[in-house]
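Q: input_1.csv (CSV, C-alpha atoms) pasted underneath:
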```
chain,number,residue,atom,x,y,z
A,1,MET,CA,178.5,56.9,101.4
A,2,ALA,CA,179.5,59.4,104.0
A,3,GLU,CA,181.6,61.3,101.4
A,4,THR,CA,178.6,61.5,99.0
A,5,SER,CA,176.3,62.9,101.7
A,6,ALA,CA,179.0,65.3,102.8
A,7,ALA,CA,179.4,66.5,99.2
A,8,VAL,CA,175.7,67.0,98.8
A,9,ALA,CA,175.5,68.9,102.1
A,10,GLU,CA,178.4,71.1,101.0
A,11,GLU,CA,176.7,71.8,97.7
A,12,GLN,CA,173.5,72.7,99.5
A,13,LYS,CA,175.4,75.2,101.7
A,14,ARG,CA,177.0,77.0,98.9
A,15,MET,CA,175.2,80.2,97.9
A,16,LYS,CA,174.5,80.3,94.1
A,17,VAL,CA,174.6,83.7,92.5
A,18,LEU,CA,173.5,84.5,89.0
A,19,VAL,CA,174.9,87.6,87.3
A,20,PRO,CA,173.6,88.6,83.8
A,21,VAL,CA,176.3,90.4,81.8
A,22,ASP,CA,176.1,92.3,78.5
A,23,GLU,CA,178.2,95.0,76.8
A,24,SER,CA,177.1,97.7,79.2
A,25,GLU,CA,179.3,99.1,82.0
A,26,GLY,CA,176.4,98.7,84.3
A,27,SER,CA,176.4,95.0,84.1
A,28,LEU,CA,180.1,94.7,84.7
A,29,TYR,CA,179.8,97.1,87.6
A,30,ALA,CA,177.1,94.8,89.1
A,31,LEU,CA,179.5,91.9,88.6
A,32,ARG,CA,182.3,93.7,90.4
A,33,TRP,CA,179.9,94.7,93.2
A,34,ALA,CA,178.7,91.1,93.6
A,35,LEU,CA,182.3,89.8,93.7
A,36,ASP,CA,183.4,92.4,96.2
A,37,HIS,CA,180.4,92.1,98.5
A,38,LEU,CA,179.2,88.5,98.2
A,39,PHE,CA,182.4,86.6,97.6
A,40,GLY,CA,185.8,86.3,99.1
A,41,LEU,CA,184.6,86.5,102.7
A,42,GLU,CA,185.7,83.0,103.3
A,43,PRO,CA,189.1,81.5,102.7
A,44,PRO,CA,189.3,79.9,99.2
A,45,GLU,CA,189.2,76.4,100.5
A,46,GLN,CA,186.0,77.2,102.3
A,47,GLU,CA,184.4,79.3,99.6
A,48,GLN,CA,180.6,79.4,100.3
A,49,ALA,CA,179.3,80.8,97.0
A,50,ALA,CA,179.3,80.0,93.3
A,51,VAL,CA,178.7,82.5,90.5
A,52,THR,CA,177.1,81.9,87.2
A,53,LEU,CA,177.5,84.5,84.4
A,54,VAL,CA,174.8,84.6,81.8
A,55,ASN,CA,174.7,86.5,78.5
A,56,VAL,CA,171.5,86.6,76.4
A,57,GLN,CA,171.7,87.2,72.7
A,58,PRO,CA,168.5,88.3,70.9
A,59,THR,CA,166.9,85.9,68.5
A,60,PHE,CA,167.6,86.8,65.0
A,61,GLN,CA,164.5,87.3,62.9
A,62,PRO,CA,165.3,86.2,59.3
A,63,PHE,CA,162.7,88.5,57.8
A,64,ILE,CA,162.1,92.3,57.7
A,65,TYR,CA,158.8,94.2,57.6
A,66,PRO,CA,159.6,97.3,55.6
A,67,ALA,CA,156.8,99.6,54.3
A,68,GLY,CA,156.4,97.2,51.3
A,69,PRO,CA,156.6,93.5,51.0
A,70,VAL,CA,158.2,91.2,53.5
A,71,VAL,CA,162.0,90.7,52.9
A,72,TYR,CA,163.7,87.5,53.9
A,73,ALA,CA,167.4,87.2,54.9
A,74,THR,CA,169.5,84.8,52.9
A,75,PRO,CA,171.2,81.8,54.6
A,76,ALA,CA,174.5,83.6,54.2
A,77,VAL,CA,173.2,86.6,56.1
A,78,ILE,CA,171.7,84.4,58.8
A,79,ASP,CA,175.0,82.5,59.3
A,80,SER,CA,176.9,85.8,59.4
A,81,VAL,CA,174.6,87.3,62.1
A,82,LYS,CA,174.7,84.1,64.2
A,83,LYS,CA,178.5,84.1,64.0
A,84,ALA,CA,178.6,87.7,65.0
A,85,GLN,CA,176.3,87.0,67.9
A,86,GLU,CA,178.5,84.1,69.1
A,87,GLN,CA,181.6,86.3,68.9
A,88,ASN,CA,179.9,89.1,70.8
A,89,ALA,CA,178.7,86.7,73.5
A,90,ALA,CA,182.2,85.2,73.8
A,91,ALA,CA,183.9,88.6,74.1
A,92,ILE,CA,181.4,89.7,76.7
A,93,LEU,CA,181.8,86.6,78.8
A,94,ALA,CA,185.6,86.5,78.4
A,95,ARG,CA,185.7,90.0,79.9
A,96,ALA,CA,183.4,89.0,82.8
A,97,LEU,CA,185.4,85.8,83.4
A,98,ARG,CA,188.6,87.8,83.4
A,99,ILE,CA,187.1,90.0,86.2
A,100,CYS,CA,186.2,86.9,88.2
A,101,LYS,CA,189.7,85.4,87.7
A,102,GLU,CA,191.3,88.7,88.9
A,103,LYS,CA,189.3,88.4,92.1
A,104,LYS,CA,190.1,84.6,92.3
A,105,ILE,CA,186.5,83.6,92.1
A,106,LYS,CA,185.5,80.6,90.1
A,107,ALA,CA,182.7,81.2,87.6
A,108,GLU,CA,180.8,79.4,85.0
A,109,ALA,CA,179.3,81.0,81.9
A,110,LEU,CA,176.1,80.5,79.9
A,111,ILE,CA,175.1,81.9,76.6
A,112,LEU,CA,171.3,81.9,76.0
A,113,GLN,CA,169.3,83.1,73.1
A,114,GLY,CA,165.9,84.9,73.2
A,115,ASP,CA,164.4,87.8,75.1
A,116,ALA,CA,166.8,88.8,77.9
A,117,LYS,CA,164.2,89.3,80.6
A,118,ASP,CA,162.5,86.0,80.0
A,119,LYS,CA,165.8,84.0,79.7
A,120,ILE,CA,167.3,85.5,82.8
A,121,CYS,CA,164.2,84.6,84.8
A,122,GLU,CA,164.2,81.1,83.4
A,123,ALA,CA,167.9,80.6,84.1
A,124,ALA,CA,167.4,81.8,87.7
A,125,GLU,CA,164.6,79.2,88.2
A,126,GLU,CA,166.3,76.3,86.5
A,127,LEU,CA,169.6,76.8,88.3
A,128,HIS,CA,167.9,77.3,91.6
A,129,VAL,CA,170.0,80.3,92.4
A,130,ASP,CA,169.9,82.0,95.8
A,131,VAL,CA,170.2,85.5,94.5
A,132,LEU,CA,170.1,87.3,91.1
A,133,VAL,CA,172.5,90.3,90.9
A,134,ILE,CA,171.6,92.5,88.0
A,135,GLY,CA,172.8,95.9,86.8
A,136,SER,CA,170.6,98.9,86.2
A,137,ARG,CA,171.2,101.2,83.2
A,138,GLY,CA,169.8,104.1,85.1
A,139,LEU,CA,167.1,104.9,82.6
A,140,GLY,CA,164.7,107.8,83.3
A,141,THR,CA,161.0,107.2,83.8
A,142,ILE,CA,160.1,107.9,80.2
A,143,LYS,CA,162.9,105.8,78.6
A,144,ARG,CA,162.1,103.0,81.0
A,145,ALA,CA,158.4,103.1,80.1
A,146,LEU,CA,159.2,103.0,76.4
A,147,LEU,CA,162.2,100.6,76.3
A,148,GLY,CA,161.2,98.4,79.3
A,149,SER,CA,163.5,97.5,82.1
A,150,VAL,CA,165.0,94.0,82.3
A,151,SER,CA,165.9,94.6,86.0
A,152,ASN,CA,162.4,95.7,86.8
A,153,TYR,CA,160.9,92.7,85.0
A,154,CYS,CA,163.2,90.3,86.9
A,155,VAL,CA,162.4,91.9,90.3
A,156,HIS,CA,158.7,91.1,89.6
A,157,HIS,CA,159.0,87.6,88.0
A,158,VAL,CA,162.0,85.8,89.6
A,159,HIS,CA,161.2,83.7,92.7
A,160,CYS,CA,164.5,84.4,94.5
A,161,PRO,CA,165.9,87.6,95.9
A,162,VAL,CA,167.0,90.1,93.3
A,163,LEU,CA,169.7,92.7,94.0
A,164,VAL,CA,169.6,95.6,91.5
A,165,VAL,CA,173.0,97.4,91.4
A,166,LYS,CA,172.6,101.0,90.3
A,167,PRO,CA,175.5,102.5,88.4
A,168,PRO,CA,177.8,104.7,90.3
A,169,PRO,CA,177.1,108.5,90.2
A,170,LYS,CA,178.7,110.2,87.2
A,171,GLN,CA,181.7,112.3,88.1
A,172,ALA,CA,181.3,116.0,87.4
A,173,HIS,CA,183.9,117.4,85.0
A,174,ASP,CA,186.4,119.9,86.4
```
So, in terms of structure tokens, how does the structure I just supplied come out?
A:
Amino acid sequence: MAETSAAVAEEQKRMKVLVPVDESEGSLYALRWALDHLFGLEPPEQEQAAVTLVNVQPTFQPFIYPAGPVVYATPAVIDSVKKAQEQNAAAILARALRICKEKKIKAEALILQGDAKDKICEAAEELHVDVLVIGSRGLGTIKRALLGSVSNYCVHHVHCPVLVVKPPPKQAHD
């Protein structure tokens, strides 16, 4: 009984960090930043944090709205797209997990499907994370208004602290 309550107390003490990753360098930079600044401060046997990596793949729409009639994708096309999405997610998460392994940080990975901003917020709530660390693509005002900003959406909709990691300044060419 004492071991069980000690394990529960230990789990409650651990800081839970969610880091969404995609193919952008900005998301991997945010992951490296989180690992360097939020992890590794304690000896490994006393590690006080846990990281969860999440990759969100867009939902495939099996129909297309061209200027004419609606065109539906064949089952073979749908299967091909789903397989490509699974391979893409696996490659992205493998790269992120390799970064965690290099820093000797244990991580778990999730692949979700849907709208990235909504799925990231839902994951943060369901996993009861203590902090969401998300990269910023560094879009300008107009592009952000037209394309939307996942990080901005998360800042306003997640009920935990959100740390937006801006990309490093671009180096000037010689």
Q: To one decimal in Å, tell me the separation between atom CA of Ile105 of chain A and atom CA of Leu53 of chain A.
A: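 Taking atom CA of Ile105 of chain A and atom CA of Leu53 of chain A, their separation equals 11.9 Å.
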Q: Which of these residues is nearest to Asp130 of chain A, using all atoms listed in the file: A:Val150, A:Ala90, A:Leu31, A:Cys160?
A: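 Once distances to Asp130 of chain A are computed over all atoms listed in the file, the minimum belongs to A:Cys160.
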Q: Using only C-alpha atoms, find each residue of segment 65-161 of chain A with at least one atom at most 12 Å away from an atom of segment 32-41 of chain A; report its shortest atom-to-atom pair and that distance in Å (one decimal), sort the rows by chain and rising residue number, and return the result as a tab-separated table.
A:
```
residue	atom	partner	partner_atom	distance
A:Arg95	CA	A:Arg32	CA	11.6
A:Ala96	CA	A:Arg32	CA	9.0
A:Leu97	CA	A:Arg32	CA	11.0
A:Arg98	CA	A:Arg32	CA	11.1
A:Ile99	CA	A:Arg32	CA	7.4
A:Cys100	CA	A:Leu35	CA	7.3
A:Lys101	CA	A:Leu35	CA	10.5
A:Glu102	CA	A:Leu35	CA	10.3
A:Lys103	CA	A:Leu35	CA	7.3
A:Lys104	CA	A:Gly40	CA	8.2
A:Ile105	CA	A:Phe39	CA	7.5
A:Lys106	CA	A:Phe39	CA	10.1
A:Ala107	CA	A:Leu35	CA	10.6
A:Asp130	CA	A:Leu38	CA	11.6
A:Val131	CA	A:Leu38	CA	10.2
A:Leu132	CA	A:Ala34	CA	9.7
A:Val133	CA	A:Ala34	CA	6.8
A:Ile134	CA	A:Ala34	CA	9.2
A:Gly135	CA	A:Trp33	CA	9.6
```
Q: I need the residues from that last selection saved to file as a short mmCIF file (atom, residue, chain, number, x, y, z; two decimals), in the coordinates of the input (with C-alpha atoms), if you can.
A:
```cif
data_model
loop_
_atom_site.label_atom_id
_atom_site.label_comp_id
_atom_site.auth_asym_id
_atom_site.auth_seq_id
_atom_site.Cartn_x
_atom_site.Cartn_y
_atom_site.Cartn_z
CA ARG A 95 185.70 90.00 79.90
CA ALA A 96 183.40 89.00 82.80
CA LEU A 97 185.40 85.80 83.40
CA ARG A 98 188.60 87.80 83.40
CA ILE A 99 187.10 90.00 86.20
CA CYS A 100 186.20 86.90 88.20
CA LYS A 101 189.70 85.40 87.70
CA GLU A 102 191.30 88.70 88.90
CA LYS A 103 189.30 88.40 92.10
CA LYS A 104 190.10 84.60 92.30
CA ILE A 105 186.50 83.60 92.10
CA LYS A 106 185.50 80.60 90.10
CA ALA A 107 182.70 81.20 87.60
CA ASP A 130 169.90 82.00 95.80
CA VAL A 131 170.20 85.50 94.50
CA LEU A 132 170.10 87.30 91.10
CA VAL A 133 172.50 90.30 90.90
CA ILE A 134 171.60 92.50 88.00
CA GLY A 135 172.80 95.90 86.80
#
```
Q: Once 6 Å is added on each side, what centre and edge lengths in Å to one decimal does the axis-aligned box around all listed atoms of segment 112-127 of chain A have, as lines of an AutoDock Vina configuration file?
A:
```
center_x = 166.9
center_y = 82.8
center_z = 80.7
size_x = 20.8
size_y = 25.0
size_z = 27.2
```
Q: Please, what distance in Å, to one decimal, runs between atom CA of Ile78 of chain A and atom CA of Gln57 of chain A?
A: 14.2 Å
Q: Rounded to one decimal in Å, what is the spacing between atom CA of Ser136 of chain A and atom CA of Ile92 of chain A?
A: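 Calculated distance between atom CA of Ser136 of chain A and atom CA of Ile92 of chain A is 17.1 Å.
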Q: For Gln113 of chain A, list every protein, DNA or RNA residue within 8 Å, evaluated using all atoms listed in the file, and leave out those in the same chain fewer than 4 positions away; present the list as a PyMOL selection string.
A: chain A and resi 56-59+119
Q: Given all atoms listed in the file as the basis, pick out the residue of A:Asp79, A:Lys170, A:Leu163, A:Val54 nearest to Ala30 of chain A.
A: A:Leu163
Q: Gly26 of chain A: which residues within 6 Å, counting all atoms listed in the file, same-chain residues fewer than 3 positions away excluded, as a PyMOL selection string?
A: chain A and resi 29+135+137+167
Q: Name the residues in contact with His128 of chain A at a cut-off of 12 Å, using only C-alpha atoms, excluding same-chain residues fewer than 2 positions from it; report them as a ChimeraX atom specification.
A: /A:12,14-18,50,52,121-126,130-132,158-161
Q: Just checking: using all atoms listed in the file, which residue out of A:Val129, A:Ala76, A:Ile120, A:Ala94 ends up closest to Cys154 of chain A?
A: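 Of A:Val129, A:Ala76, A:Ile120, A:Ala94, the one nearest Cys154 of chain A is A:Ile120, counting all atoms listed in the file.
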Q: Could you pull the residues within 12 Å of Phe60 of chain A, counting all atoms listed in the file, minus those fewer than 3 positions along the same chain, as an mmCIF file with C-alpha atoms, in the frame of the given file?
A:
```
data_model
loop_
_atom_site.group_PDB
_atom_site.id
_atom_site.type_symbol
_atom_site.label_atom_id
_atom_site.label_comp_id
_atom_site.auth_asym_id
_atom_site.auth_seq_id
_atom_site.Cartn_x
_atom_site.Cartn_y
_atom_site.Cartn_z
ATOM 1 C CA GLN A 57 171.700 87.200 72.700
ATOM 2 C CA PHE A 63 162.700 88.500 57.800
ATOM 3 C CA ILE A 64 162.100 92.300 57.700
ATOM 4 C CA TYR A 72 163.700 87.500 53.900
ATOM 5 C CA ALA A 73 167.400 87.200 54.900
ATOM 6 C CA VAL A 77 173.200 86.600 56.100
ATOM 7 C CA ILE A 78 171.700 84.400 58.800
ATOM 8 C CA ASP A 79 175.000 82.500 59.300
ATOM 9 C CA SER A 80 176.900 85.800 59.400
ATOM 10 C CA VAL A 81 174.600 87.300 62.100
ATOM 11 C CA LYS A 82 174.700 84.100 64.200
ATOM 12 C CA LYS A 83 178.500 84.100 64.000
ATOM 13 C CA ALA A 84 178.600 87.700 65.000
ATOM 14 C CA GLN A 85 176.300 87.000 67.900
ATOM 15 C CA GLU A 86 178.500 84.100 69.100
ATOM 16 C CA GLN A 113 169.300 83.100 73.100
ATOM 17 C CA GLY A 114 165.900 84.900 73.200
ATOM 18 C CA ASP A 115 164.400 87.800 75.100
#
```
Q: N, CA, C and O atoms are needed for segment 75-98 of chain A; please write them out as an mmCIF file, in the coordinates of the input.
A:
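The resulting file, result24.cif, is reproduced below:
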```cif
data_model
loop_
_atom_site.group_PDB
_atom_site.id
_atom_site.type_symbol
_atom_site.label_atom_id
_atom_site.label_comp_id
_atom_site.auth_asym_id
_atom_site.auth_seq_id
_atom_site.Cartn_x
_atom_site.Cartn_y
_atom_site.Cartn_z
ATOM 1 N N PRO A 75 170.440 82.682 53.595
ATOM 2 C CA PRO A 75 171.200 81.800 54.600
ATOM 3 C C PRO A 75 172.545 82.376 54.910
ATOM 4 O O PRO A 75 172.989 82.250 56.050
ATOM 5 N N ALA A 76 173.227 83.002 53.953
ATOM 6 C CA ALA A 76 174.500 83.600 54.200
ATOM 7 C C ALA A 76 174.446 84.696 55.265
ATOM 8 O O ALA A 76 175.291 84.813 56.161
ATOM 9 N N VAL A 77 173.406 85.524 55.159
ATOM 10 C CA VAL A 77 173.200 86.600 56.100
ATOM 11 C C VAL A 77 172.877 86.043 57.489
ATOM 12 O O VAL A 77 173.407 86.498 58.502
ATOM 13 N N ILE A 78 172.027 85.034 57.526
ATOM 14 C CA ILE A 78 171.700 84.400 58.800
ATOM 15 C C ILE A 78 172.890 83.825 59.485
ATOM 16 O O ILE A 78 173.112 84.039 60.678
ATOM 17 N N ASP A 79 173.721 83.111 58.723
ATOM 18 C CA ASP A 79 175.000 82.500 59.300
ATOM 19 C C ASP A 79 175.895 83.619 59.788
ATOM 20 O O ASP A 79 176.510 83.482 60.848
ATOM 21 N N SER A 80 175.998 84.697 59.031
ATOM 22 C CA SER A 80 176.900 85.800 59.400
ATOM 23 C C SER A 80 176.412 86.450 60.722
ATOM 24 O O SER A 80 177.225 86.745 61.599
ATOM 25 N N VAL A 81 175.101 86.650 60.844
ATOM 26 C CA VAL A 81 174.600 87.300 62.100
ATOM 27 C C VAL A 81 174.766 86.320 63.258
ATOM 28 O O VAL A 81 175.181 86.765 64.337
ATOM 29 N N LYS A 82 174.523 85.039 63.077
ATOM 30 C CA LYS A 82 174.700 84.100 64.200
ATOM 31 C C LYS A 82 176.177 84.038 64.616
ATOM 32 O O LYS A 82 176.463 83.994 65.808
ATOM 33 N N LYS A 83 177.096 84.065 63.652
ATOM 34 C CA LYS A 83 178.500 84.100 64.000
ATOM 35 C C LYS A 83 178.898 85.319 64.746
ATOM 36 O O LYS A 83 179.636 85.266 65.735
ATOM 37 N N ALA A 84 178.367 86.467 64.303
ATOM 38 C CA ALA A 84 178.600 87.700 65.000
ATOM 39 C C ALA A 84 178.084 87.701 66.417
ATOM 40 O O ALA A 84 178.737 88.185 67.356
ATOM 41 N N GLN A 85 176.902 87.125 66.605
ATOM 42 C CA GLN A 85 176.300 87.000 67.900
ATOM 43 C C GLN A 85 177.176 86.125 68.840
ATOM 44 O O GLN A 85 177.394 86.427 70.013
ATOM 45 N N GLU A 86 177.667 85.013 68.291
ATOM 46 C CA GLU A 86 178.500 84.100 69.100
ATOM 47 C C GLU A 86 179.806 84.804 69.493
ATOM 48 O O GLU A 86 180.255 84.673 70.636
ATOM 49 N N GLN A 87 180.394 85.557 68.561
ATOM 50 C CA GLN A 87 181.600 86.300 68.900
ATOM 51 C C GLN A 87 181.375 87.359 69.918
ATOM 52 O O GLN A 87 182.189 87.554 70.825
ATOM 53 N N ASN A 88 180.248 88.047 69.793
ATOM 54 C CA ASN A 88 179.900 89.100 70.800
ATOM 55 C C ASN A 88 179.714 88.487 72.153
ATOM 56 O O ASN A 88 180.255 88.998 73.136
ATOM 57 N N ALA A 89 178.974 87.394 72.243
ATOM 58 C CA ALA A 89 178.700 86.700 73.500
ATOM 59 C C ALA A 89 180.067 86.242 74.133
ATOM 60 O O ALA A 89 180.313 86.409 75.328
ATOM 61 N N ALA A 90 180.918 85.655 73.286
ATOM 62 C CA ALA A 90 182.200 85.200 73.800
ATOM 63 C C ALA A 90 183.074 86.292 74.305
ATOM 64 O O ALA A 90 183.714 86.151 75.349
ATOM 65 N N ALA A 91 183.079 87.421 73.618
ATOM 66 C CA ALA A 91 183.900 88.600 74.100
ATOM 67 C C ALA A 91 183.356 89.128 75.386
ATOM 68 O O ALA A 91 184.139 89.446 76.291
ATOM 69 N N ILE A 92 182.051 89.234 75.505
ATOM 70 C CA ILE A 92 181.400 89.700 76.700
ATOM 71 C C ILE A 92 181.761 88.823 77.910
ATOM 72 O O ILE A 92 182.182 89.274 78.980
ATOM 73 N N LEU A 93 181.560 87.519 77.710
ATOM 74 C CA LEU A 93 181.800 86.600 78.800
ATOM 75 C C LEU A 93 183.290 86.446 79.117
ATOM 76 O O LEU A 93 183.649 86.260 80.278
ATOM 77 N N ALA A 94 184.154 86.572 78.118
ATOM 78 C CA ALA A 94 185.600 86.500 78.400
ATOM 79 C C ALA A 94 185.983 87.703 79.297
ATOM 80 O O ALA A 94 186.770 87.531 80.238
ATOM 81 N N ARG A 95 185.430 88.867 79.033
ATOM 82 C CA ARG A 95 185.700 90.000 79.900
ATOM 83 C C ARG A 95 185.208 89.802 81.303
ATOM 84 O O ARG A 95 185.919 90.081 82.282
ATOM 85 N N ALA A 96 183.999 89.270 81.432
ATOM 86 C CA ALA A 96 183.400 89.000 82.800
ATOM 87 C C ALA A 96 184.220 87.919 83.493
ATOM 88 O O ALA A 96 184.485 88.036 84.698
ATOM 89 N N LEU A 97 184.607 86.866 82.779
ATOM 90 C CA LEU A 97 185.400 85.800 83.400
ATOM 91 C C LEU A 97 186.763 86.294 83.839
ATOM 92 O O LEU A 97 187.287 85.858 84.866
ATOM 93 N N ARG A 98 187.339 87.220 83.077
ATOM 94 C CA ARG A 98 188.600 87.800 83.400
ATOM 95 C C ARG A 98 188.485 88.587 84.767
ATOM 96 O O ARG A 98 189.353 88.514 85.630
#
```
